[in-house]
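Enquirer: Below is the file my_file-v6.cif, which contains mmCIF, C-alpha atoms.
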data_data
loop_
_atom_site.label_atom_id
_atom_site.label_comp_id
_atom_site.auth_asym_id
_atom_site.auth_seq_id
_atom_site.Cartn_x
_atom_site.Cartn_y
_atom_site.Cartn_z
CA MET A 9 0.00 0.00 0.00
CA LYS A 10 1.30 3.46 -0.90
CA PRO A 11 2.10 5.74 2.06
CA TYR A 12 -0.25 8.41 0.74
CA VAL A 13 -3.64 9.11 -0.78
CA THR A 14 -4.12 11.64 -3.55
CA VAL A 15 -6.62 14.22 -4.73
CA SER A 16 -6.56 15.32 -8.36
CA THR A 17 -5.84 19.03 -8.78
CA LYS A 18 -6.04 19.00 -12.58
CA ASP A 19 -9.39 20.80 -12.88
CA MET A 20 -9.55 22.18 -9.34
CA ASP A 21 -10.29 25.90 -9.07
CA CYS A 22 -8.12 28.17 -6.93
CA GLU A 23 -10.71 28.57 -4.17
CA GLU A 24 -11.06 24.82 -3.69
CA TRP A 25 -7.30 24.32 -3.79
CA LEU A 26 -6.72 26.99 -1.13
CA LYS A 27 -9.34 25.40 1.14
CA LEU A 28 -7.70 22.01 0.68
CA ARG A 29 -4.32 23.46 1.67
CA LYS A 30 -5.80 24.61 4.97
CA SER A 31 -6.55 21.00 5.91
CA GLY A 32 -2.90 20.25 6.62
CA LEU A 33 0.71 21.39 6.45
CA GLY A 34 2.34 21.67 3.04
CA GLY A 35 5.98 21.70 2.04
CA SER A 36 6.23 25.49 2.16
CA ASP A 37 4.89 25.38 5.75
CA ALA A 38 7.53 22.93 6.95
CA GLY A 39 10.39 25.42 7.24
CA ALA A 40 8.18 27.99 8.97
CA VAL A 41 6.94 25.48 11.56
CA CYS A 42 10.58 24.51 12.20
CA GLY A 43 11.51 28.18 12.63
CA VAL A 44 13.97 28.31 9.70
CA ASN A 45 11.92 30.16 7.07
CA PRO A 46 13.07 33.82 6.83
CA TYR A 47 9.78 34.74 5.12
CA SER A 48 7.31 33.20 7.57
CA SER A 49 6.82 32.02 11.16
CA PRO A 50 4.88 29.36 13.09
CA MET A 51 2.37 32.00 14.16
CA LYS A 52 1.79 33.09 10.57
CA VAL A 53 1.16 29.48 9.49
CA TYR A 54 -1.16 28.99 12.46
CA LEU A 55 -3.30 32.01 11.52
CA ASP A 56 -3.49 30.83 7.92
CA LYS A 57 -4.72 27.36 8.94
CA ILE A 58 -7.39 28.53 11.39
CA SER A 59 -8.63 31.39 9.20
CA GLU A 60 -11.60 30.95 6.88
CA LYS A 61 -10.08 33.45 4.44
CA THR A 62 -9.00 31.96 1.13
CA GLU A 63 -7.38 35.00 -0.45
CA GLN A 64 -3.92 34.16 -1.76
CA PHE A 65 -1.13 36.65 -1.16
CA ASP A 66 0.89 37.27 -4.31
CA ASN A 67 3.76 39.47 -5.42
CA GLU A 68 6.05 39.83 -8.43
CA ALA A 69 8.69 37.42 -7.10
CA MET A 70 6.05 34.72 -6.52
CA ARG A 71 4.57 35.34 -9.98
CA GLN A 72 7.98 34.97 -11.62
CA GLY A 73 8.61 31.79 -9.62
CA ARG A 74 5.41 30.22 -10.96
CA ASP A 75 5.94 31.39 -14.53
CA LEU A 76 9.54 30.16 -14.58
CA GLU A 77 8.83 26.77 -13.00
CA GLU A 78 8.64 25.05 -16.39
CA TYR A 79 11.87 26.72 -17.50
CA VAL A 80 13.68 25.53 -14.34
CA ALA A 81 12.37 21.98 -14.94
CA LYS A 82 13.64 22.06 -18.54
CA ARG A 83 17.06 23.28 -17.43
CA PHE A 84 17.18 20.44 -14.90
CA THR A 85 16.48 17.87 -17.64
CA GLU A 86 19.14 19.44 -19.90
CA GLU A 87 21.69 19.38 -17.09
CA THR A 88 21.01 15.87 -15.73
CA GLY A 89 19.35 13.96 -18.57
CA LEU A 90 16.53 13.02 -16.16
CA LEU A 91 13.00 13.32 -17.53
CA VAL A 92 10.33 14.92 -15.36
CA ARG A 93 6.54 15.04 -15.41
CA ARG A 94 3.80 16.92 -13.60
CA SER A 95 1.80 14.99 -11.04
CA ARG A 96 -1.34 17.22 -10.97
CA LYS A 97 -2.23 15.70 -7.60
CA LEU A 98 -2.14 16.69 -3.98
CA TYR A 99 -0.66 13.98 -1.75
CA ARG A 100 -1.78 13.32 1.84
CA SER A 101 0.16 11.05 4.19
CA ARG A 102 -1.82 7.98 5.37
CA ASN A 103 -0.06 7.77 8.73
CA HIS A 104 0.05 11.54 9.27
CA PRO A 105 -3.00 13.02 7.50
CA PHE A 106 -2.03 16.57 8.51
CA MET A 107 0.95 16.36 6.11
CA LEU A 108 0.23 17.43 2.52
CA ALA A 109 2.42 17.65 -0.56
CA ASP A 110 1.74 19.69 -3.70
CA ILE A 111 4.87 18.87 -5.64
CA ASP A 112 6.35 20.54 -8.73
CA ARG A 113 7.56 17.48 -10.69
CA LEU A 114 8.16 13.74 -10.44
CA ILE A 115 11.28 12.13 -11.91
CA VAL A 116 10.41 9.57 -14.59
CA GLY A 117 11.76 6.07 -13.82
CA GLU A 118 13.12 7.04 -10.40
CA GLU A 119 11.69 7.15 -6.89
CA ALA A 120 12.28 10.88 -6.70
CA GLY A 121 10.74 14.30 -7.13
CA LEU A 122 11.89 17.78 -8.16
CA GLU A 123 11.34 21.15 -6.53
CA CYS A 124 11.89 24.17 -8.80
CA LYS A 125 13.08 27.52 -7.45
CA THR A 126 14.18 30.92 -8.70
CA ALA A 127 16.44 33.33 -6.83
CA ASN A 128 17.75 36.82 -7.48
CA ALA A 129 21.40 37.79 -7.55
CA PHE A 130 21.30 39.00 -3.92
CA GLN A 131 20.28 35.47 -2.84
CA ALA A 132 23.13 33.79 -4.71
CA GLU A 133 25.25 33.55 -1.55
CA GLN A 134 22.67 31.18 -0.03
CA TRP A 135 23.50 28.64 -2.76
CA LYS A 136 27.29 29.04 -2.70
CA SER A 137 29.52 25.94 -2.54
CA GLY A 138 26.65 23.46 -2.60
CA ALA A 139 24.67 25.09 0.22
CA ILE A 140 20.90 24.65 0.51
CA PRO A 141 18.67 27.26 2.18
CA SER A 142 17.27 25.58 5.30
CA HIS A 143 13.60 26.19 4.52
CA TYR A 144 13.99 24.61 1.08
CA LEU A 145 15.76 21.60 2.60
CA MET A 146 12.84 21.16 5.04
CA GLN A 147 10.42 21.41 2.12
CA CYS A 148 12.13 18.56 0.29
CA ILE A 149 12.34 16.42 3.43
CA HIS A 150 8.62 17.05 3.98
CA TYR A 151 7.85 15.83 0.45
CA MET A 152 9.87 12.65 0.99
CA ALA A 153 8.06 12.06 4.29
CA VAL A 154 4.66 12.28 2.55
CA THR A 155 5.43 10.44 -0.69
CA GLY A 156 7.92 7.85 0.56
CA LYS A 157 10.34 8.76 -2.27
CA LYS A 158 14.01 7.86 -1.89
CA ARG A 159 15.40 11.24 -2.88
CA TRP A 160 14.45 14.73 -3.93
CA TYR A 161 16.12 17.11 -6.34
CA LEU A 162 16.16 20.86 -5.80
CA ALA A 163 16.82 23.02 -8.86
CA VAL A 164 17.32 26.77 -8.89
CA VAL A 165 17.84 29.41 -11.54
CA ILE A 166 19.66 32.41 -10.09
CA LEU A 167 18.22 35.05 -12.40
CA GLY A 168 20.71 36.50 -14.83
CA LYS A 169 23.52 34.41 -13.40
CA GLU A 170 23.40 30.60 -13.34
CA PHE A 171 21.54 27.31 -12.92
CA GLN A 172 22.25 24.88 -10.06
CA TYR A 173 20.70 21.76 -8.63
CA ARG A 174 21.08 19.61 -5.51
CA ARG A 175 20.37 15.93 -4.89
CA ILE A 176 18.97 15.26 -1.41
CA GLU A 177 18.93 11.66 -0.24
CA ARG A 178 16.25 10.33 2.08
CA ASP A 179 17.27 10.63 5.74
CA GLU A 180 14.95 8.73 8.07
CA GLU A 181 16.22 10.48 11.20
CA MET A 182 15.54 13.94 9.78
CA ILE A 183 12.15 12.82 8.46
CA GLN A 184 11.10 11.55 11.89
CA ARG A 185 12.27 14.76 13.57
CA LEU A 186 10.27 16.82 11.08
CA ILE A 187 7.17 14.65 11.55
CA THR A 188 7.43 15.11 15.32
CA ILE A 189 7.67 18.91 15.01
CA GLU A 190 4.80 19.15 12.53
CA GLU A 191 2.60 16.76 14.50
CA LYS A 192 3.10 18.75 17.69
CA PHE A 193 2.31 22.00 15.89
CA TRP A 194 -0.81 20.61 14.20
CA LYS A 195 -2.26 18.80 17.21
CA SER A 196 -1.22 21.21 19.99
CA ASN A 197 -1.65 24.52 18.16
CA VAL A 198 -3.95 24.26 15.14
CA MET A 199 -6.36 21.62 16.46
CA LEU A 200 -6.56 23.18 19.92
CA ASN A 201 -6.68 26.79 18.68
CA GLN A 202 -3.57 27.50 20.73
CA LEU A 203 -1.19 30.22 19.54
CA PRO A 204 2.43 29.09 19.02
CA GLU A 205 5.08 30.74 21.19
CA PRO A 206 6.47 34.07 19.86
CA ASP A 207 9.73 33.68 17.93
CA GLY A 208 10.94 37.26 17.63
CA SER A 209 10.32 37.48 13.89
CA HIS A 210 8.75 40.33 11.94
CA TYR A 211 6.08 37.90 10.78
CA CYS A 212 5.17 37.07 14.37
CA ASP A 213 4.60 40.82 14.94
CA GLU A 214 2.33 40.92 11.90
CA ALA A 215 0.32 37.96 13.17
CA LEU A 216 -0.18 39.54 16.60
CA GLU A 217 -1.25 42.82 14.98
CA GLU A 218 -3.78 40.92 12.90
CA LEU A 219 -5.13 39.04 15.91
CA TYR A 220 -5.35 41.97 18.31
CA GLN A 221 -5.86 45.06 16.16
CA ARG A 222 -7.55 47.22 18.80
CA PRO A 223 -7.70 46.94 22.59
CA LYS A 224 -11.14 45.98 23.85
CA GLU A 225 -10.28 46.86 27.44
CA THR A 226 -8.60 50.14 28.42
CA ARG A 227 -8.33 49.46 32.16
CA GLU A 228 -4.90 48.60 33.47
CA ILE A 229 -4.24 45.03 34.61
CA PRO A 230 -1.45 43.62 36.83
CA LEU A 231 1.70 42.73 34.87
CA ILE A 232 2.46 39.28 36.25
CA GLY A 233 5.51 37.14 35.47
CA PHE A 234 7.39 39.55 33.21
CA ASP A 235 9.74 41.46 35.55
CA GLU A 236 12.71 39.17 34.94
CA ARG A 237 12.24 39.12 31.16
CA LEU A 238 11.70 42.88 30.94
CA ALA A 239 14.82 43.45 33.04
CA LYS A 240 16.68 41.27 30.54
CA ARG A 241 15.19 43.38 27.73
CA GLU A 242 16.60 46.53 29.39
CA LYS A 243 20.08 44.98 29.46
CA ILE A 244 19.78 43.90 25.82
CA MET A 245 18.74 47.41 24.75
CA LYS A 246 21.71 48.95 26.58
CA THR A 247 24.05 46.44 24.91
CA ILE A 248 22.55 47.20 21.50
CA ALA A 249 22.93 50.95 22.07
CA LYS A 250 26.58 50.45 23.05
CA LEU A 251 27.28 48.30 19.99
CA GLU A 252 25.48 50.74 17.68
CA LYS A 253 27.63 53.57 19.03
CA GLU A 254 30.76 51.50 18.41
CA GLN A 255 29.51 50.74 14.88
CA LYS A 256 28.99 54.46 14.23
CA ARG A 257 32.44 55.30 15.55
CA ILE A 258 34.07 52.84 13.11
CA GLU A 259 32.02 54.26 10.23
CA GLN A 260 33.07 57.79 11.19
CA GLU A 261 36.73 56.72 11.20
CA VAL A 262 36.28 55.38 7.66
CA LYS A 263 34.71 58.69 6.55
CA LEU A 264 37.61 60.59 8.09
CA PHE A 265 40.04 58.34 6.22
CA LEU A 266 38.22 58.88 2.89
CA LYS A 267 37.91 62.67 3.28
CA ASP A 268 37.30 63.91 -0.29
CA HIS A 269 37.64 60.46 -1.89
CA GLU A 270 34.52 58.48 -2.77
CA ALA A 271 35.82 54.91 -2.56
CA ALA A 272 38.55 52.69 -1.14
CA SER A 273 39.20 48.96 -1.04
CA SER A 274 41.35 46.31 0.59
CA GLU A 275 41.67 42.56 0.10
CA LEU A 276 38.66 42.03 2.38
CA PHE A 277 36.45 45.11 2.05
CA GLY A 278 35.29 47.79 -0.33
CA VAL A 279 33.79 51.08 0.91
CA ARG A 280 32.04 53.97 -0.84
CA TRP A 281 31.00 57.31 0.61
CA ALA A 282 28.85 58.58 -2.20
CA ASN A 283 26.23 61.27 -2.70
CA VAL A 284 22.63 60.06 -2.78
CA ASP A 285 19.88 62.45 -3.84
CA THR A 286 16.65 61.87 -1.99
CA LYS A 287 13.37 63.62 -2.73
CA ARG A 288 10.78 63.82 0.04
CA LEU A 289 7.42 65.47 0.25
CA ASP A 290 7.53 68.48 2.58
CA ALA A 291 4.34 67.59 4.45
CA LYS A 292 4.69 70.47 6.92
CA ARG A 293 4.90 73.08 4.15
CA LEU A 294 2.07 71.45 2.20
CA LYS A 295 -0.14 71.53 5.30
CA GLU A 296 0.62 75.22 5.88
CA GLU A 297 0.39 76.48 2.28
CA ARG A 298 -2.15 74.09 0.68
CA PRO A 299 -4.23 72.69 3.57
CA GLU A 300 -7.09 71.66 1.26
CA ILE A 301 -4.78 69.40 -0.77
CA TYR A 302 -3.16 68.09 2.42
CA LYS A 303 -6.56 67.09 3.84
CA GLU A 304 -7.66 65.51 0.55
CA PHE A 305 -4.72 63.11 0.47
CA LEU A 306 -4.44 62.55 4.23
CA SER A 307 -5.07 58.94 5.26
CA THR A 308 -5.30 57.44 8.73
CA THR A 309 -3.94 54.04 9.67
CA CYS A 310 -4.35 52.34 13.01
CA SER A 311 -1.79 50.10 14.67
CA ARG A 312 -0.94 49.18 18.23
CA ARG A 313 2.41 50.31 19.62
CA LEU A 314 3.99 48.75 22.68
CA PHE A 315 5.50 51.18 25.20
CA ILE A 316 7.65 49.84 28.05
CA LYS A 317 9.01 52.05 30.84
CA ALA A 318 11.08 50.91 33.78
CA SER A 319 9.72 51.99 37.15
#
Could you spell out this file's structure in structure tokens?

Expert:
Amino acid sequence: MKPYVTVSTKDMDCEEWLKLRKSGLGGSDAGAVCGVNPYSSPMKVYLDKISEKTEQFDNEAMRQGRDLEEYVAKRFTEETGLLVRRSRKLYRSRNHPFMLADIDRLIVGEEAGLECKTANAFQAEQWKSGAIPSHYLMQCIHYMAVTGKKRWYLAVVILGKEFQYRRIERDEEMIQRLITIEEKFWKSNVMLNQLPEPDGSHYCDEALEELYQRPKETREIPLIGFDERLAKREKIMKTIAKLEKEQKRIEQEVKLFLKDHEAASSELFGVRWANVDTKRLDAKRLKEERPEIYKEFLSTTCSRRLFIKAS
């Protein structure tokens, strides 16, 4: 018996597909749940799974990734000689039904799959010397856990620069560790409507803002159990301020060295102290001289700001 069941996605509309994705954790969720995805967080995944919203966030980078998927797959075949095909199915693990896999390609004649990626030139360092970004590695391990495949290939086109691919062999120990993490998250957080612990990420901030947009109670409550952590926060802030001052001092020394020169370099570093023209709207002047225009284009946004003061 195969370790998974499948649902055909060939003629599935976007709304139905998005609802299906909410019924489990997909490959792109794996890295976030493990805390290694720089573009997401456990709390963000949690909110997505419990929400009834089915709107799909999109941007230009994501659009290019989808449009170039076929190109990346073709480059992989050219480079390796391995033929690939679309699966047009969503896979669900039999033993762990909360684990889903919507895979890019299957390798013909081999117990393997292919994940296609694109990256910009600024992300090239993440792929240097055979490296694999951690969240992509977790994605491939997740797919092997669901499908039972022996290996997974990861192909990337670094736009305007080069093509690379990696071969990732099945690792039972890593698969079991990932299953344990995902199972705990799904059963303890999603199923019980229990928020994951904060992780310090920007995306965790966004999730909290979405959950608690406005205070419903204005009365003050006792602050219990935070004195030690807030005292630690005070020490961290003082350390950061000290390090930032040291950083500024070094930068000022470099400026003093450059004087009227724009650039300098050594074997390890290159520096430039260049002019940058910045244009900003003079809101104060606009408000004073053309108040009717200022009011017409004035918009109000609401967000909650945390203020902490030591007693």

Enquirer: Do you have the CA of Asn128 (chain A)-CA of Gln72 (chain A) distance handy?

Expert: 10.8 Å

Enquirer: List the spatial neighbours of region 176-193 of chain A as a ChimeraX atom specification - criterion: any atom at most 7 Å away, all atoms listed in the file, same-chain residues fewer than 3 positions off excluded.

Expert: /A:41-42,149,152-153,158-161,196-198

Enquirer: When you draw a straight line from CA of Glu133 (chain A) to CA of Ala81 (chain A), how long is it in Å?

Expert: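 Between these atoms lies a distance of 21.9 Å.
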
Enquirer: Contacts of Ser16 (chain A) at 12 Å or less, counting all atoms listed in the file, minus same-chain residues fewer than 6 places along, as a list of chain:residue names?

Expert: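 Counting all atoms listed in the file, the residues come to A:Glu24, A:Trp25, A:Leu28, A:Arg94, A:Ser95, A:Arg96, A:Lys97, A:Leu98, A:Tyr99, A:Arg100, A:Asp110.
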
Enquirer: If you keep C-alpha atoms, can you produce a file of those selected residues as a short mmCIF file (atom, residue, chain, number, x, y, z; two decimals), keeping the file's coordinate frame?

Expert:
data_model
loop_
_atom_site.label_atom_id
_atom_site.label_comp_id
_atom_site.auth_asym_id
_atom_site.auth_seq_id
_atom_site.Cartn_x
_atom_site.Cartn_y
_atom_site.Cartn_z
CA GLU A 24 -11.06 24.82 -3.69
CA TRP A 25 -7.30 24.32 -3.79
CA LEU A 28 -7.70 22.01 0.68
CA ARG A 94 3.80 16.92 -13.60
CA SER A 95 1.80 14.99 -11.04
CA ARG A 96 -1.34 17.22 -10.97
CA LYS A 97 -2.23 15.70 -7.60
CA LEU A 98 -2.14 16.69 -3.98
CA TYR A 99 -0.66 13.98 -1.75
CA ARG A 100 -1.78 13.32 1.84
CA ASP A 110 1.74 19.69 -3.70
#

Enquirer: Can you spell out as an NGL selection string the set of residues that the PyMOL selection byres ((chain A and resi 316) around 10) selects in the structure I just provided?

Expert: :A and (238 or 241-242 or 313-315 or 317-319)

Enquirer: How many Å lie between CA of Thr88 (chain A) and CA of Leu145 (chain A), rounded to one decimal?

Expert: 19.9 Å

Enquirer: On this file, the PyMOL selection byres ((chain A and resi 210) around 12) gives some set of residues; write that set as an mmCIF file with C-alpha atoms, in the frame of the given file.

Expert:
data_model
loop_
_atom_site.group_PDB
_atom_site.id
_atom_site.type_symbol
_atom_site.label_atom_id
_atom_site.label_comp_id
_atom_site.auth_asym_id
_atom_site.auth_seq_id
_atom_site.Cartn_x
_atom_site.Cartn_y
_atom_site.Cartn_z
ATOM 1 C CA ASN A 45 11.920 30.160 7.070
ATOM 2 C CA PRO A 46 13.070 33.820 6.830
ATOM 3 C CA TYR A 47 9.780 34.740 5.120
ATOM 4 C CA SER A 48 7.310 33.200 7.570
ATOM 5 C CA SER A 49 6.820 32.020 11.160
ATOM 6 C CA PRO A 50 4.880 29.360 13.090
ATOM 7 C CA MET A 51 2.370 32.000 14.160
ATOM 8 C CA LYS A 52 1.790 33.090 10.570
ATOM 9 C CA PRO A 206 6.470 34.070 19.860
ATOM 10 C CA ASP A 207 9.730 33.680 17.930
ATOM 11 C CA GLY A 208 10.940 37.260 17.630
ATOM 12 C CA SER A 209 10.320 37.480 13.890
ATOM 13 C CA TYR A 211 6.080 37.900 10.780
ATOM 14 C CA CYS A 212 5.170 37.070 14.370
ATOM 15 C CA ASP A 213 4.600 40.820 14.940
ATOM 16 C CA GLU A 214 2.330 40.920 11.900
ATOM 17 C CA ALA A 215 0.320 37.960 13.170
ATOM 18 C CA LEU A 216 -0.180 39.540 16.600
ATOM 19 C CA GLU A 217 -1.250 42.820 14.980
#

Enquirer: Which is closer to Glu118 (chain A) than all the others in A:Val53, A:Asn103, A:Cys310, A:Lys157, using all atoms listed in the file?

Expert: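 For Glu118 (chain A), the nearest of the given residues is A:Lys157.
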
Enquirer: As a list of chain:residue names, please: the residues near Gly34 (chain A) (cut-off 7 Å, all atoms listed in the file, same-chain neighbours under 6 positions excluded).

Expert: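 Counting all atoms listed in the file, the residues come to A:Met107, A:Leu108, A:Ala109.
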
Enquirer: Near Tyr173 (chain A), within 8 Å and counting only C-alpha atoms, which residues show up once chain neighbours fewer than 4 positions away are dropped, as a compact mmCIF listing (two decimals) with C-alpha atoms, keeping the file's coordinate frame?

Expert:
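The result, stored in result.txt:
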# COMPACT_ATOMS: atom_id res chain seq x y z
CA PHE A 84 17.18 20.44 -14.90
CA TYR A 161 16.12 17.11 -6.34
CA LEU A 162 16.16 20.86 -5.80
CA ALA A 163 16.82 23.02 -8.86
CA VAL A 164 17.32 26.77 -8.89

Enquirer: Within 6 Å of (12.3, 25.7, 1.8) in the file's own coordinates, which protein, DNA or RNA residues have an atom, counting only C-alpha atoms? List them as a ChimeraX atom specification.

Expert: /A:39,143-147

Enquirer: Take the residues that were just selected and, keeping C-alpha atoms, output them as a tab-separated table (two decimals), in the frame of the given file.

Expert:
chain	number	residue	atom	x	y	z
A	39	GLY	CA	10.39	25.42	7.24
A	143	HIS	CA	13.60	26.19	4.52
A	144	TYR	CA	13.99	24.61	1.08
A	145	LEU	CA	15.76	21.60	2.60
A	146	MET	CA	12.84	21.16	5.04
A	147	GLN	CA	10.42	21.41	2.12

Enquirer: Thr62 (chain A): which residues within 10 Å, counting all atoms listed in the file, same-chain residues fewer than 2 positions away excluded, as an MDAnalysis selection string?

Expert: chainID A and resid 22:27 29:30 56 59:60 64:65

Enquirer: Once the PyMOL selection byres ((chain A and resi 282) around 10) is applied to the coordinates I shared, what remains selected? I want it as a list in words.

Expert: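 That selection, the PyMOL selection byres ((chain A and resi 282) around 10), comes back as His269, Glu270, Ala271, Val279, Arg280, Trp281, Asn283, Val284 and Asp285 of chain A.
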
Enquirer: (-1.9, 4.3, 5.5) in this file's frame - what residues fall within 8 Å of it? Use all atoms listed in the file and give the answer as a VMD selection string.

Expert: chain A and resid 9 to 12 101 to 103

Enquirer: Restricting it to C-alpha atoms, dump the selection as a CSV table (one decimal), in the coordinates of the input.

Expert:
chain,number,residue,atom,x,y,z
A,9,MET,CA,0.0,0.0,0.0
A,10,LYS,CA,1.3,3.5,-0.9
A,11,PRO,CA,2.1,5.7,2.1
A,12,TYR,CA,-0.2,8.4,0.7
A,101,SER,CA,0.2,11.0,4.2
A,102,ARG,CA,-1.8,8.0,5.4
A,103,ASN,CA,-0.1,7.8,8.7
